[in-house]
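Asker: Take a look at this one; I'll ask things after.
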Amino acid sequence: MNETTKEVNMMRERAEKRLFNNMIAEIKEEAKQQDAPIYKGDNEVDLSISLSSVLEIIEKYSTN
């Protein structure tokens, strides 16, 4: 593998990591906005989000 290929691969990995981090941040933000009291046993679960919202966010990032 030559230097150019290594650099391209590193750039691609960094871009993919940024994309993933942005997607996770958006999912967390959406969870904060949707958060309603949901209980697992006697404990309240933090940061709930609907599956459809998660799927919409994933689709948004996978089509860009």
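Residues in the structure tokens are named by chain (A, B, ... in the order shown) and by number from 1 within that chain; ligands are numbered from 1 in the order shown.
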When DSSP works through the backbone of this structure, what residues of chain A end up as alpha helix (DSSP H), shown as a PyMOL selection string?

Answerer: chain A and resi 3-34+51-62

Asker: Save out the residues we just selected, C-alpha atoms, as a PDB file, in the first residue's frame.

Answerer:
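result37.pdb, written as the output of this step:
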```
ATOM      1  CA  GLU A   3       1.483   6.544   1.024  1.00  0.00           C
ATOM      2  CA  THR A   4      -1.358   8.097  -0.967  1.00  0.00           C
ATOM      3  CA  THR A   5      -3.600   5.091  -0.363  1.00  0.00           C
ATOM      4  CA  LYS A   6      -2.789   5.162   3.355  1.00  0.00           C
ATOM      5  CA  GLU A   7      -3.610   8.875   3.534  1.00  0.00           C
ATOM      6  CA  VAL A   8      -6.887   8.373   1.684  1.00  0.00           C
ATOM      7  CA  ASN A   9      -7.808   5.512   4.013  1.00  0.00           C
ATOM      8  CA  MET A  10      -6.995   7.611   7.087  1.00  0.00           C
ATOM      9  CA  MET A  11      -9.082  10.502   5.742  1.00  0.00           C
ATOM     10  CA  ARG A  12     -11.978   8.141   5.040  1.00  0.00           C
ATOM     11  CA  GLU A  13     -11.757   6.675   8.549  1.00  0.00           C
ATOM     12  CA  ARG A  14     -11.767  10.155  10.110  1.00  0.00           C
ATOM     13  CA  ALA A  15     -14.764  11.176   7.990  1.00  0.00           C
ATOM     14  CA  GLU A  16     -16.656   8.024   8.942  1.00  0.00           C
ATOM     15  CA  LYS A  17     -15.884   8.603  12.615  1.00  0.00           C
ATOM     16  CA  ARG A  18     -17.115  12.225  12.387  1.00  0.00           C
ATOM     17  CA  LEU A  19     -20.283  11.051  10.640  1.00  0.00           C
ATOM     18  CA  PHE A  20     -20.897   8.411  13.306  1.00  0.00           C
ATOM     19  CA  ASN A  21     -20.233  10.884  16.134  1.00  0.00           C
ATOM     20  CA  ASN A  22     -22.617  13.419  14.552  1.00  0.00           C
ATOM     21  CA  MET A  23     -25.283  10.754  14.192  1.00  0.00           C
ATOM     22  CA  ILE A  24     -24.926   9.682  17.833  1.00  0.00           C
ATOM     23  CA  ALA A  25     -25.045  13.310  18.996  1.00  0.00           C
ATOM     24  CA  GLU A  26     -28.248  13.869  17.033  1.00  0.00           C
ATOM     25  CA  ILE A  27     -29.822  10.704  18.445  1.00  0.00           C
ATOM     26  CA  LYS A  28     -28.949  11.824  21.990  1.00  0.00           C
ATOM     27  CA  GLU A  29     -30.372  15.298  21.361  1.00  0.00           C
ATOM     28  CA  GLU A  30     -33.572  13.824  19.937  1.00  0.00           C
ATOM     29  CA  ALA A  31     -33.816  11.543  22.979  1.00  0.00           C
ATOM     30  CA  LYS A  32     -33.574  14.561  25.279  1.00  0.00           C
ATOM     31  CA  GLN A  33     -36.369  16.280  23.356  1.00  0.00           C
ATOM     32  CA  GLN A  34     -38.611  13.193  23.371  1.00  0.00           C
ATOM     33  CA  LEU A  51     -37.255   3.630  17.165  1.00  0.00           C
ATOM     34  CA  SER A  52     -38.756   5.498  14.218  1.00  0.00           C
ATOM     35  CA  SER A  53     -36.767   8.610  15.194  1.00  0.00           C
ATOM     36  CA  VAL A  54     -33.554   6.604  15.380  1.00  0.00           C
ATOM     37  CA  LEU A  55     -34.246   5.045  11.988  1.00  0.00           C
ATOM     38  CA  GLU A  56     -34.952   8.474  10.444  1.00  0.00           C
ATOM     39  CA  ILE A  57     -31.627   9.803  11.725  1.00  0.00           C
ATOM     40  CA  ILE A  58     -29.706   6.749  10.488  1.00  0.00           C
ATOM     41  CA  GLU A  59     -31.361   7.038   7.066  1.00  0.00           C
ATOM     42  CA  LYS A  60     -30.500  10.739   6.914  1.00  0.00           C
ATOM     43  CA  TYR A  61     -26.821  10.024   7.498  1.00  0.00           C
ATOM     44  CA  SER A  62     -26.660   6.980   5.269  1.00  0.00           C
TER      45      SER A  62
END
```

Asker: For the structure I just gave you, how does DSSP split chain A - specifically, which residues are strand (DSSP E)? Reply as a count of residues only.

Answerer: 6

Asker: Quick one: residues within 12 Å of Ile38 in chain A, only C-alpha atoms counted, chain neighbours fewer than 3 positions away excluded, as a PDB file with N, CA and C atoms, in the first residue's frame?

Answerer:
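Wrote it out as around00.pdb, contents follow:
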```
ATOM      1  N   GLN A  34     -37.475  14.110  23.271  1.00  0.00           N
ATOM      2  CA  GLN A  34     -38.611  13.193  23.371  1.00  0.00           C
ATOM      3  C   GLN A  34     -38.779  12.622  24.774  1.00  0.00           C
ATOM      4  N   ASP A  35     -37.794  12.829  25.613  1.00  0.00           N
ATOM      5  CA  ASP A  35     -37.760  12.163  26.910  1.00  0.00           C
ATOM      6  C   ASP A  35     -39.061  12.372  27.680  1.00  0.00           C
ATOM      7  N   GLY A  41     -39.157  -1.349  35.761  1.00  0.00           N
ATOM      8  CA  GLY A  41     -39.336  -1.676  37.173  1.00  0.00           C
ATOM      9  C   GLY A  41     -39.721  -0.409  37.915  1.00  0.00           C
ATOM     10  N   ASP A  42     -39.014  -0.106  38.987  1.00  0.00           N
ATOM     11  CA  ASP A  42     -39.284   1.113  39.754  1.00  0.00           C
ATOM     12  C   ASP A  42     -38.390   2.276  39.336  1.00  0.00           C
ATOM     13  N   ASN A  43     -37.462   2.034  38.418  1.00  0.00           N
ATOM     14  CA  ASN A  43     -36.500   3.067  38.035  1.00  0.00           C
ATOM     15  C   ASN A  43     -36.906   3.760  36.746  1.00  0.00           C
ATOM     16  N   GLU A  44     -36.747   5.096  36.748  1.00  0.00           N
ATOM     17  CA  GLU A  44     -37.019   5.862  35.533  1.00  0.00           C
ATOM     18  C   GLU A  44     -35.840   5.711  34.568  1.00  0.00           C
ATOM     19  N   VAL A  45     -36.142   5.483  33.319  1.00  0.00           N
ATOM     20  CA  VAL A  45     -35.120   5.330  32.285  1.00  0.00           C
ATOM     21  C   VAL A  45     -34.837   6.704  31.695  1.00  0.00           C
ATOM     22  N   ASP A  46     -33.570   7.053  31.584  1.00  0.00           N
ATOM     23  CA  ASP A  46     -33.192   8.345  31.014  1.00  0.00           C
ATOM     24  C   ASP A  46     -33.048   8.237  29.507  1.00  0.00           C
ATOM     25  N   LEU A  47     -33.303   9.330  28.835  1.00  0.00           N
ATOM     26  CA  LEU A  47     -33.076   9.477  27.401  1.00  0.00           C
ATOM     27  C   LEU A  47     -33.766   8.416  26.553  1.00  0.00           C
ATOM     28  N   SER A  48     -35.065   8.402  26.614  1.00  0.00           N
ATOM     29  CA  SER A  48     -35.811   7.492  25.754  1.00  0.00           C
ATOM     30  C   SER A  48     -36.020   8.147  24.387  1.00  0.00           C
ATOM     31  N   ILE A  49     -36.118   7.327  23.361  1.00  0.00           N
ATOM     32  CA  ILE A  49     -36.323   7.813  21.999  1.00  0.00           C
ATOM     33  C   ILE A  49     -37.077   6.734  21.233  1.00  0.00           C
ATOM     34  N   SER A  50     -37.912   7.161  20.327  1.00  0.00           N
ATOM     35  CA  SER A  50     -38.665   6.185  19.544  1.00  0.00           C
ATOM     36  C   SER A  50     -37.761   5.555  18.483  1.00  0.00           C
TER      37      SER A  50
END
```
